[in-house]
file work-v4.cif (mmCIF, C-alpha atoms)
data_target
#
loop_
_atom_site.group_PDB
_atom_site.id
_atom_site.type_symbol
_atom_site.label_atom_id
_atom_site.label_comp_id
_atom_site.auth_asym_id
_atom_site.auth_seq_id
_atom_site.Cartn_x
_atom_site.Cartn_y
_atom_site.Cartn_z
ATOM 1 C CA MET Q 270 -4.539 -14.026 10.842
ATOM 2 C CA GLN Q 271 -0.840 -13.472 10.316
ATOM 3 C CA GLN Q 272 -1.723 -10.670 7.890
ATOM 4 C CA ALA Q 273 -3.273 -8.710 10.780
ATOM 5 C CA THR Q 274 -0.005 -8.939 12.704
ATOM 6 C CA ASP Q 275 1.933 -7.950 9.581
ATOM 7 C CA PHE Q 276 -0.295 -4.884 9.148
ATOM 8 C CA LEU Q 277 0.454 -3.878 12.736
ATOM 9 C CA LYS Q 278 4.205 -4.353 12.230
ATOM 10 C CA GLU Q 279 4.016 -2.166 9.108
ATOM 11 C CA SER Q 280 2.161 0.510 11.056
ATOM 12 C CA GLU Q 281 4.712 0.305 13.882
ATOM 13 C CA GLU Q 282 7.558 0.836 11.426
ATOM 14 C CA LEU Q 283 5.908 3.949 9.992
ATOM 15 C CA ASN Q 284 4.994 5.173 13.479
ATOM 16 C CA ARG Q 285 8.647 5.054 14.536
ATOM 17 C CA LEU Q 286 9.510 7.480 11.764
ATOM 18 C CA VAL Q 287 6.617 9.922 12.030
ATOM 19 C CA MET Q 288 6.890 10.163 15.817
ATOM 20 C CA SER Q 289 10.421 11.498 15.331
ATOM 21 C CA LEU Q 290 9.197 14.373 13.145
ATOM 22 C CA SER Q 291 8.313 17.917 14.150
ATOM 23 C CA SER Q 292 5.005 19.574 13.315
ATOM 24 C CA ASP Q 293 6.745 21.506 10.535
ATOM 25 C CA GLN Q 294 8.238 18.328 9.069
ATOM 26 C CA LEU Q 295 4.825 16.660 9.122
ATOM 27 C CA CYS Q 296 3.574 19.431 6.829
ATOM 28 C CA LYS Q 297 6.371 19.234 4.226
ATOM 29 C CA PRO Q 298 5.340 18.055 0.728
ATOM 30 C CA THR Q 299 6.441 14.587 -0.372
ATOM 31 C CA GLN Q 300 7.062 13.369 -3.917
ATOM 32 C CA PHE Q 301 3.611 11.750 -3.938
ATOM 33 C CA LYS Q 302 1.203 14.373 -5.322
ATOM 34 C CA GLN Q 303 2.850 16.894 -2.957
ATOM 35 C CA TRP Q 304 0.948 15.295 -0.073
ATOM 36 C CA SER Q 305 2.481 15.989 3.313
ATOM 37 C CA PRO Q 306 3.076 13.226 5.888
ATOM 38 C CA SER Q 307 -0.023 14.539 7.689
ATOM 39 C CA ASP Q 308 -2.061 14.210 4.481
ATOM 40 C CA ILE Q 309 -0.828 10.642 4.088
ATOM 41 C CA LEU Q 310 -1.713 9.746 7.678
ATOM 42 C CA ALA Q 311 -5.178 11.245 7.185
ATOM 43 C CA HIS Q 312 -5.663 9.050 4.111
ATOM 44 C CA LEU Q 313 -4.497 5.940 5.953
ATOM 45 C CA HIS Q 314 -6.589 6.771 9.007
ATOM 46 C CA PHE Q 315 -9.794 7.261 7.001
ATOM 47 C CA TRP Q 316 -9.485 3.896 5.264
ATOM 48 C CA ASN Q 317 -8.358 2.148 8.450
ATOM 49 C CA ARG Q 318 -11.569 3.450 9.975
ATOM 50 C CA ALA Q 319 -13.507 1.993 7.064
ATOM 51 C CA ALA Q 320 -11.771 -1.363 7.581
ATOM 52 C CA GLU Q 321 -12.619 -1.304 11.285
ATOM 53 C CA LEU Q 322 -16.276 -0.699 10.448
ATOM 54 C CA GLN Q 323 -16.172 -3.727 8.133
ATOM 55 C CA THR Q 324 -15.793 -5.962 11.164
ATOM 56 C CA SER Q 325 -17.811 -4.042 13.746
ATOM 57 C CA LYS Q 326 -20.515 -1.893 12.128
ATOM 58 C CA PRO Q 327 -21.086 -2.776 8.463
ATOM 59 C CA ASP Q 328 -24.167 -0.534 8.271
ATOM 60 C CA ALA Q 329 -22.073 2.413 9.449
ATOM 61 C CA LEU Q 330 -19.528 1.529 6.769
ATOM 62 C CA VAL Q 331 -22.240 1.770 4.124
ATOM 63 C CA SER Q 332 -23.172 5.226 5.459
ATOM 64 C CA LEU Q 333 -19.537 6.290 5.387
ATOM 65 C CA LEU Q 334 -19.091 5.134 1.809
ATOM 66 C CA THR Q 335 -22.338 6.836 0.821
ATOM 67 C CA SER Q 336 -20.847 10.103 2.079
ATOM 68 C CA LEU Q 337 -18.236 9.797 -0.653
ATOM 69 C CA LYS Q 338 -21.004 10.518 -3.140
ATOM 70 C CA ALA Q 339 -22.521 13.419 -1.215
ATOM 71 C CA GLY Q 340 -20.481 16.165 -2.831
ATOM 72 C CA LYS Q 341 -17.706 16.442 -0.252
ATOM 73 C CA SER Q 342 -14.277 15.751 -1.709
ATOM 74 C CA LEU Q 343 -12.405 12.657 -0.602
ATOM 75 C CA ARG Q 344 -9.499 14.771 0.609
ATOM 76 C CA GLU Q 345 -11.876 16.796 2.817
ATOM 77 C CA LEU Q 346 -13.397 13.616 4.232
ATOM 78 C CA GLU Q 347 -9.974 12.161 4.966
ATOM 79 C CA ARG Q 348 -8.788 15.278 6.771
ATOM 80 C CA SER Q 349 -12.009 15.441 8.802
ATOM 81 C CA ALA Q 350 -11.554 11.835 9.980
ATOM 82 C CA PHE Q 351 -9.237 13.090 12.733
ATOM 83 C CA SER Q 352 -10.756 14.569 15.880
ATOM 84 C CA THR Q 353 -7.793 16.953 16.206
ATOM 85 C CA VAL Q 354 -5.941 19.372 13.945
ATOM 86 C CA ASP Q 355 -2.618 19.040 15.774
ATOM 87 C CA PRO Q 356 -0.218 17.005 13.563
ATOM 88 C CA ILE Q 357 1.428 15.240 16.522
ATOM 89 C CA ASP Q 358 -1.905 14.283 18.085
ATOM 90 C CA GLN Q 359 -3.019 12.973 14.692
ATOM 91 C CA ILE Q 360 -0.152 10.484 14.741
ATOM 92 C CA VAL Q 361 -1.338 9.120 18.082
ATOM 93 C CA GLU Q 362 -4.921 8.869 16.827
ATOM 94 C CA TRP Q 363 -3.866 7.117 13.603
ATOM 95 C CA PHE Q 364 -1.651 4.580 15.391
ATOM 96 C CA THR Q 365 -4.214 3.882 18.123
ATOM 97 C CA LEU Q 366 -6.796 2.987 15.480
ATOM 98 C CA ALA Q 367 -4.253 0.896 13.531
ATOM 99 C CA LYS Q 368 -3.695 -1.237 16.629
ATOM 100 C CA GLN Q 369 -7.453 -1.601 17.041
ATOM 101 C CA VAL Q 370 -7.884 -2.667 13.406
ATOM 102 C CA SER Q 371 -5.130 -5.269 13.772
ATOM 103 C CA ALA Q 372 -6.786 -6.692 16.890
ATOM 104 C CA SER Q 373 -10.178 -6.898 15.156
ATOM 105 C CA PHE Q 374 -8.789 -8.718 12.121
ATOM 106 C CA THR Q 375 -6.676 -11.075 14.231
ATOM 107 C CA VAL Q 376 -9.798 -12.861 15.494
ATOM 108 C CA ILE Q 377 -11.927 -12.852 12.322
ATOM 109 C CA ALA Q 378 -12.013 -15.785 9.888
ATOM 110 C CA PRO Q 379 -9.696 -15.081 6.935
ATOM 111 C CA LYS Q 380 -12.394 -16.017 4.417
ATOM 112 C CA ALA Q 381 -15.194 -14.010 6.080
ATOM 113 C CA ARG Q 382 -16.935 -11.820 3.505
ATOM 114 C CA LEU Q 383 -16.954 -8.115 4.318
ATOM 115 C CA LYS Q 384 -18.677 -5.148 2.680
ATOM 116 C CA TRP Q 385 -16.507 -2.672 0.768
ATOM 117 C CA VAL Q 386 -16.647 0.109 -1.827
ATOM 118 C CA GLY Q 387 -17.173 -2.395 -4.647
ATOM 119 C CA PRO Q 388 -17.959 -6.101 -4.292
ATOM 120 C CA ASP Q 389 -17.647 -7.797 -0.918
ATOM 121 C CA MET Q 390 -14.129 -8.933 -0.094
ATOM 122 C CA SER Q 391 -12.495 -11.463 2.208
ATOM 123 C CA ALA Q 392 -11.128 -10.374 5.565
ATOM 124 C CA ARG Q 393 -7.659 -11.525 4.469
ATOM 125 C CA SER Q 394 -7.815 -9.357 1.348
ATOM 126 C CA SER Q 395 -8.999 -6.356 3.341
ATOM 127 C CA ILE Q 396 -6.217 -6.386 5.933
ATOM 128 C CA THR Q 397 -3.597 -7.168 3.285
ATOM 129 C CA ALA Q 398 -4.772 -4.076 1.421
ATOM 130 C CA ARG Q 399 -4.340 -2.038 4.606
ATOM 131 C CA GLN Q 400 -0.760 -3.302 4.974
ATOM 132 C CA MET Q 401 -0.043 -2.558 1.309
ATOM 133 C CA GLU Q 402 -1.401 0.986 1.583
ATOM 134 C CA THR Q 403 0.542 1.649 4.786
ATOM 135 C CA TRP Q 404 3.742 0.355 3.181
ATOM 136 C CA ALA Q 405 3.223 2.136 -0.156
ATOM 137 C CA HIS Q 406 2.156 5.523 1.200
ATOM 138 C CA GLY Q 407 4.733 5.274 3.955
ATOM 139 C CA GLN Q 408 7.401 5.025 1.247
ATOM 140 C CA ALA Q 409 6.824 8.671 0.357
ATOM 141 C CA ILE Q 410 7.581 9.702 3.951
ATOM 142 C CA PHE Q 411 10.697 7.521 4.209
ATOM 143 C CA ASP Q 412 11.860 8.969 0.879
ATOM 144 C CA LEU Q 413 11.255 12.553 2.000
ATOM 145 C CA PHE Q 414 13.575 12.230 4.989
ATOM 146 C CA GLY Q 415 16.129 9.905 3.411
ATOM 147 C CA GLU Q 416 15.358 7.120 5.861
ATOM 148 C CA GLU Q 417 15.665 3.415 5.076
ATOM 149 C CA ARG Q 418 12.744 1.313 6.261
ATOM 150 C CA SER Q 419 13.429 -1.900 8.167
ATOM 151 C CA GLU Q 420 11.990 -4.536 5.841
ATOM 152 C CA SER Q 421 11.097 -8.129 6.685
ATOM 153 C CA SER Q 422 9.339 -11.140 5.221
ATOM 154 C CA ARG Q 423 6.009 -9.465 5.961
ATOM 155 C CA ILE Q 424 6.309 -7.830 2.527
ATOM 156 C CA LYS Q 425 5.560 -11.236 1.021
ATOM 157 C CA ASN Q 426 1.888 -10.297 1.473
ATOM 158 C CA ILE Q 427 2.449 -7.379 -0.905
ATOM 159 C CA VAL Q 428 4.352 -9.571 -3.353
ATOM 160 C CA VAL Q 429 1.420 -12.011 -3.398
ATOM 161 C CA LEU Q 430 -0.961 -9.105 -3.932
ATOM 162 C CA GLY Q 431 1.169 -8.013 -6.882
ATOM 163 C CA VAL Q 432 0.990 -11.539 -8.308
ATOM 164 C CA ASN Q 433 -2.758 -11.831 -7.743
ATOM 165 C CA THR Q 434 -3.411 -8.517 -9.498
ATOM 166 C CA PHE Q 435 -1.436 -9.387 -12.635
ATOM 167 C CA GLY Q 436 -4.706 -9.634 -14.563
ATOM 168 C CA TRP Q 437 -6.115 -6.489 -12.946
ATOM 169 C CA THR Q 438 -3.233 -4.442 -14.362
ATOM 170 C CA TYR Q 439 -4.584 -5.201 -17.828
ATOM 171 C CA LYS Q 440 -8.317 -5.272 -17.074
ATOM 172 C CA SER Q 441 -8.138 -1.804 -15.496
ATOM 173 C CA ARG Q 442 -6.726 -0.569 -18.795
ATOM 174 C CA LYS Q 443 -9.311 -2.477 -20.857
ATOM 175 C CA LEU Q 444 -6.542 -4.615 -22.345
ATOM 176 C CA ASN Q 445 -6.504 -8.346 -22.968
ATOM 177 C CA VAL Q 446 -4.912 -10.236 -20.092
ATOM 178 C CA PRO Q 447 -1.866 -12.261 -21.223
ATOM 179 C CA GLU Q 448 -2.418 -15.996 -20.915
ATOM 180 C CA THR Q 449 0.688 -16.543 -18.783
ATOM 181 C CA MET Q 450 2.179 -14.409 -16.034
ATOM 182 C CA PRO Q 451 5.964 -13.976 -16.263
ATOM 183 C CA ARG Q 452 8.038 -16.028 -13.858
ATOM 184 C CA LEU Q 453 9.131 -14.222 -10.683
ATOM 185 C CA GLU Q 454 12.376 -14.894 -8.825
ATOM 186 C CA LEU Q 455 12.623 -12.429 -5.960
ATOM 187 C CA THR Q 456 15.111 -12.146 -3.133
ATOM 188 C CA ALA Q 457 13.426 -11.525 0.219
ATOM 189 C CA PRO Q 458 14.926 -9.249 2.899
ATOM 190 C CA SER Q 459 16.040 -12.435 4.689
ATOM 191 C CA GLY Q 460 17.958 -13.609 1.618
ATOM 192 C CA ASP Q 461 15.443 -16.345 0.792
ATOM 193 C CA VAL Q 462 14.304 -16.594 -2.826
ATOM 194 C CA TRP Q 463 10.576 -16.441 -3.516
ATOM 195 C CA THR Q 464 9.378 -17.824 -6.832
ATOM 196 C CA PHE Q 465 6.017 -17.479 -8.530
ATOM 197 C CA GLY Q 466 4.715 -18.510 -11.917
ATOM 198 C CA ASP Q 467 5.616 -21.141 -14.474
ATOM 199 C CA GLU Q 468 9.284 -21.773 -15.270
ATOM 200 C CA THR Q 469 8.271 -22.303 -18.913
ATOM 201 C CA SER Q 470 6.519 -18.938 -19.254
ATOM 202 C CA GLY Q 471 9.294 -17.638 -21.505
ATOM 203 C CA SER Q 472 9.518 -14.338 -19.623
ATOM 204 C CA SER Q 473 10.695 -13.393 -16.146
ATOM 205 C CA VAL Q 474 11.264 -10.688 -13.537
ATOM 206 C CA SER Q 475 14.093 -11.084 -11.037
ATOM 207 C CA GLY Q 476 15.637 -8.996 -8.291
ATOM 208 C CA LEU Q 477 14.799 -7.723 -4.826
ATOM 209 C CA ALA Q 478 11.302 -8.399 -3.503
ATOM 210 C CA VAL Q 479 11.250 -4.888 -2.016
ATOM 211 C CA GLU Q 480 11.792 -3.362 -5.452
ATOM 212 C CA PHE Q 481 9.090 -5.556 -6.975
ATOM 213 C CA CYS Q 482 6.722 -4.243 -4.293
ATOM 214 C CA GLN Q 483 7.766 -0.683 -5.109
ATOM 215 C CA VAL Q 484 6.930 -1.208 -8.781
ATOM 216 C CA VAL Q 485 3.537 -2.890 -8.305
ATOM 217 C CA THR Q 486 2.493 -0.234 -5.757
ATOM 218 C CA GLN Q 487 3.813 2.465 -8.119
ATOM 219 C CA THR Q 488 6.160 4.070 -5.611
ATOM 220 C CA ARG Q 489 8.999 3.575 -8.116
ATOM 221 C CA ASN Q 490 9.387 3.422 -11.863
ATOM 222 C CA ILE Q 491 11.167 0.197 -12.759
ATOM 223 C CA ALA Q 492 13.915 2.341 -14.315
ATOM 224 C CA ASP Q 493 14.778 3.497 -10.779
ATOM 225 C CA THR Q 494 15.229 -0.087 -9.520
ATOM 226 C CA HIS Q 495 17.646 -2.933 -10.209
ATOM 227 C CA LEU Q 496 14.917 -5.364 -11.267
ATOM 228 C CA GLN Q 497 15.795 -7.411 -14.325
ATOM 229 C CA THR Q 498 13.182 -8.294 -16.948
ATOM 230 C CA ASP Q 499 13.600 -10.979 -19.569
ATOM 231 C CA GLY Q 500 11.077 -11.032 -22.406
ATOM 232 C CA GLU Q 501 8.524 -8.559 -23.713
ATOM 233 C CA ALA Q 502 5.732 -9.864 -21.440
ATOM 234 C CA ALA Q 503 7.764 -9.083 -18.313
ATOM 235 C CA ARG Q 504 8.804 -5.649 -19.582
ATOM 236 C CA ASP Q 505 5.204 -4.813 -20.472
ATOM 237 C CA TRP Q 506 3.863 -5.883 -17.071
ATOM 238 C CA MET Q 507 6.456 -3.943 -15.129
ATOM 239 C CA SER Q 508 5.808 -0.849 -17.257
ATOM 240 C CA LYS Q 509 2.220 -0.636 -16.019
ATOM 241 C CA ALA Q 510 1.883 -2.918 -12.964
ATOM 242 C CA GLN Q 511 -0.833 -1.809 -10.523
ATOM 243 C CA CYS Q 512 -1.802 -3.815 -7.449
ATOM 244 C CA PHE Q 513 -4.329 -1.337 -6.047
ATOM 245 C CA ALA Q 514 -7.983 -0.862 -6.958
ATOM 246 C CA GLY Q 515 -9.495 2.058 -8.821
ATOM 247 C CA PRO Q 516 -8.944 3.399 -12.315
ATOM 248 C CA ALA Q 517 -5.722 2.739 -14.173
ATOM 249 C CA HIS Q 518 -2.761 4.846 -13.081
ATOM 250 C CA PRO Q 519 0.558 5.231 -14.888
ATOM 251 C CA PRO Q 520 3.721 4.577 -12.861
ATOM 252 C CA PRO Q 521 5.725 7.597 -11.716
ATOM 253 C CA THR Q 522 8.023 9.163 -14.279
ATOM 254 C CA PRO Q 523 11.629 7.925 -13.901
ATOM 255 C CA GLY Q 524 13.521 9.952 -11.321
ATOM 256 C CA THR Q 525 10.436 11.482 -9.665
ATOM 257 C CA ARG Q 526 10.031 8.968 -6.816
ATOM 258 C CA VAL Q 527 13.441 8.402 -5.269
ATOM 259 C CA MET Q 528 15.086 8.440 -1.856
ATOM 260 C CA SER Q 529 16.138 11.948 -0.855
ATOM 261 C CA THR Q 530 19.663 12.548 0.376
ATOM 262 C CA LYS Q 531 19.611 12.588 4.143
ATOM 263 C CA ALA Q 532 20.539 15.992 5.479
#

call {"tool": "encode", "arguments": {"input": "work-v4.cif", "output": "structure tokens"}}
result
Amino acid sequence: MQQATDFLKESEELNRLVMSLSSDQLCKPTQFKQWSPSDILAHLHFWNRAAELQTSKPDALVSLLTSLKAGKSLRELERSAFSTVDPIDQIVEWFTLAKQVSASFTVIAPKARLKWVGPDMSARSSITARQMETWAHGQAIFDLFGEERSESSRIKNIVVLGVNTFGWTYKSRKLNVPETMPRLELTAPSGDVWTFGDETSGSSVSGLAVEFCQVVTQTRNIADTHLQTDGEAARDWMSKAQCFAGPAHPPPTPGTRVMSTKA
């Protein structure tokens, strides 16, 4: 599965940044809920472990997910997923598992059904979600240190996830799903133009694919991007877009999730 390779590339990009940080820097708060880079890696590591169990030990995955209901907070469980408390060693442990997860998903059938927190999901959906989470949570670390991430066409997986969850944005808020998704015209990092949706929809979103990904993963408010919306349907979608599972979340307030000035 190409998505498994893309997940690994995303993890490699984040690993290059975090491996350059000191233990003190790994404990600095980011703009995302004041989580530190170490907190973010713990979150990614816990759910990467869950994804690995999907393919290798589904019964163990069920036990792990059951522990979420046993009174221990999710943050505690995520922090305890590491076998070490040293921030630098945690990076190595996180990245080692990420490589293992990529290898496991590379050889599994894309449409294989795997257990998860809610309904079963396809292997392709699972590894795409891992790439999306790595990219989205990694954004907070890149922002903290004023570093630009090297983007590539692998983010198309996240764009597609944003498209596929158009209806979820509304269902999660118990709102009626619009009959037609606004047209998308997005410029990829390569300069190619990716289009989605019906040209006759009467509403559209255009701009950089990276910024579209930032909005649907809620790492940016659309006001902090250069995306252009035409029509009320497009403006409404971008004001609440959410490509991740769980209860409805509002986007960040304008100006609260931005790239820091590099020291």

call {"tool": "residues_around", "arguments": {"input": "work-v4.cif", "residues": "region 290-296 of chain Q", "least_positions_apart": "2", "cutoff": "9 Å", "atoms": "all atoms listed in the file", "output": "list in words"}}
result
Leu286, Val287, Met288, Pro298, Trp304, Ser305, Pro306, Ser307, Asp308, Asp355, Pro356 and Ile357 of chain Q

call {"tool": "closest_atom_pairs", "arguments": {"input": "work-v4.cif", "of": "region 298-361 of chain Q", "to": "region 382-394 of chain Q", "cutoff": "7 Å", "atoms": "all atoms listed in the file", "output": "Markdown table"}}
result
| residue | atom | partner | partner_atom | distance |
| --- | --- | --- | --- | --- |
| Q:Gln323 | CA | Q:Leu383 | CA | 5.9 |
| Q:Pro327 | CA | Q:Lys384 | CA | 6.7 |
| Q:Leu334 | CA | Q:Val386 | CA | 6.7 |

call {"tool": "atom_distance", "arguments": {"input": "work-v4.cif", "atom1": "CA of Ser473 (chain Q)", "atom2": "CA of Ser459 (chain Q)"}}
result
21.5 Å

call {"tool": "closest_residue", "arguments": {"input": "work-v4.cif", "among": "Q:Ser373, Q:Gln300, Q:Ser508, Q:Asn426", "to": "Arg526 (chain Q)", "atoms": "all atoms listed in the file"}}
result
Q:Gln300

call {"tool": "residues_around", "arguments": {"input": "work-v4.cif", "residues": "Ala350 (chain Q)", "least_positions_apart": "4", "cutoff": "8 Å", "atoms": "only C-alpha atoms", "output": "list in words"}}
result
Ala311, His314, Phe315 and Leu346 of chain Q

call {"tool": "closest_residue", "arguments": {"input": "work-v4.cif", "among": "Q:Glu321, Q:Asp275, Q:Glu402, Q:Asp412", "to": "Cys482 (chain Q)", "atoms": "all atoms listed in the file"}}
result
Q:Glu402

call {"tool": "resolve_selection", "arguments": {"input": "work-v4.cif", "expression": "the PyMOL selection byres ((chain Q and resi 458) around 8)", "output": "list in words"}}
result
Glu420, Ser421, Ser422, Thr456, Ala457, Ser459, Gly460, Asp461, Leu477, Ala478 and Val479 of chain Q

call {"tool": "closest_residue", "arguments": {"input": "work-v4.cif", "among": "Q:Leu343, Q:Ile396, Q:Ala517, Q:Ile427", "to": "Phe276 (chain Q)", "atoms": "all atoms listed in the file"}}
result
Q:Ile396

call {"tool": "atom_distance", "arguments": {"input": "work-v4.cif", "atom1": "CA of Leu310 (chain Q)", "atom2": "CA of Trp363 (chain Q)"}}
result
6.8 Å

call {"tool": "closest_residue", "arguments": {"input": "work-v4.cif", "among": "Q:Val527, Q:Ala514, Q:Ala372, Q:Leu322", "to": "Ala492 (chain Q)", "atoms": "all atoms listed in the file"}}
result
Q:Val527

call {"tool": "closest_residue", "arguments": {"input": "work-v4.cif", "among": "Q:Gly466, Q:Thr522, Q:Pro379, Q:Ala510", "to": "Asn490 (chain Q)", "atoms": "all atoms listed in the file"}}
result
Q:Thr522

call {"tool": "atom_distance", "arguments": {"input": "work-v4.cif", "atom1": "CA of Gln497 (chain Q)", "atom2": "CA of Val484 (chain Q)"}}
result
12.2 Å

call {"tool": "resolve_selection", "arguments": {"input": "work-v4.cif", "expression": "the PyMOL selection byres ((chain Q and resi 429) around 12)", "output": "mmCIF file with C-alpha atoms, keeping the file's coordinate frame"}}
result
data_model
loop_
_atom_site.group_PDB
_atom_site.id
_atom_site.type_symbol
_atom_site.label_atom_id
_atom_site.label_comp_id
_atom_site.auth_asym_id
_atom_site.auth_seq_id
_atom_site.Cartn_x
_atom_site.Cartn_y
_atom_site.Cartn_z
ATOM 1 C CA GLN Q 272 -1.723 -10.670 7.890
ATOM 2 C CA SER Q 394 -7.815 -9.357 1.348
ATOM 3 C CA THR Q 397 -3.597 -7.168 3.285
ATOM 4 C CA ALA Q 398 -4.772 -4.076 1.421
ATOM 5 C CA MET Q 401 -0.043 -2.558 1.309
ATOM 6 C CA SER Q 422 9.339 -11.140 5.221
ATOM 7 C CA ARG Q 423 6.009 -9.465 5.961
ATOM 8 C CA ILE Q 424 6.309 -7.830 2.527
ATOM 9 C CA LYS Q 425 5.560 -11.236 1.021
ATOM 10 C CA ASN Q 426 1.888 -10.297 1.473
ATOM 11 C CA ILE Q 427 2.449 -7.379 -0.905
ATOM 12 C CA VAL Q 428 4.352 -9.571 -3.353
ATOM 13 C CA LEU Q 430 -0.961 -9.105 -3.932
ATOM 14 C CA GLY Q 431 1.169 -8.013 -6.882
ATOM 15 C CA VAL Q 432 0.990 -11.539 -8.308
ATOM 16 C CA ASN Q 433 -2.758 -11.831 -7.743
ATOM 17 C CA THR Q 434 -3.411 -8.517 -9.498
ATOM 18 C CA PHE Q 435 -1.436 -9.387 -12.635
ATOM 19 C CA LEU Q 453 9.131 -14.222 -10.683
ATOM 20 C CA LEU Q 455 12.623 -12.429 -5.960
ATOM 21 C CA TRP Q 463 10.576 -16.441 -3.516
ATOM 22 C CA THR Q 464 9.378 -17.824 -6.832
ATOM 23 C CA PHE Q 465 6.017 -17.479 -8.530
ATOM 24 C CA GLY Q 466 4.715 -18.510 -11.917
ATOM 25 C CA ALA Q 478 11.302 -8.399 -3.503
ATOM 26 C CA PHE Q 481 9.090 -5.556 -6.975
ATOM 27 C CA CYS Q 482 6.722 -4.243 -4.293
ATOM 28 C CA VAL Q 485 3.537 -2.890 -8.305
ATOM 29 C CA CYS Q 512 -1.802 -3.815 -7.449
#

call {"tool": "closest_residue", "arguments": {"input": "work-v4.cif", "among": "Q:His312, Q:Lys278, Q:Arg489, Q:Arg318", "to": "Val370 (chain Q)", "atoms": "all atoms listed in the file"}}
result
Q:Arg318

call {"tool": "axis_aligned_box", "arguments": {"input": "work-v4.cif", "around": "region 305-313 of chain Q", "padding_each_side": "5 Å", "output": "lines of an AutoDock Vina configuration file"}}
result
center_x = -1.3
center_y = 11.0
center_z = 5.5
size_x = 18.7
size_y = 20.0
size_z = 14.4
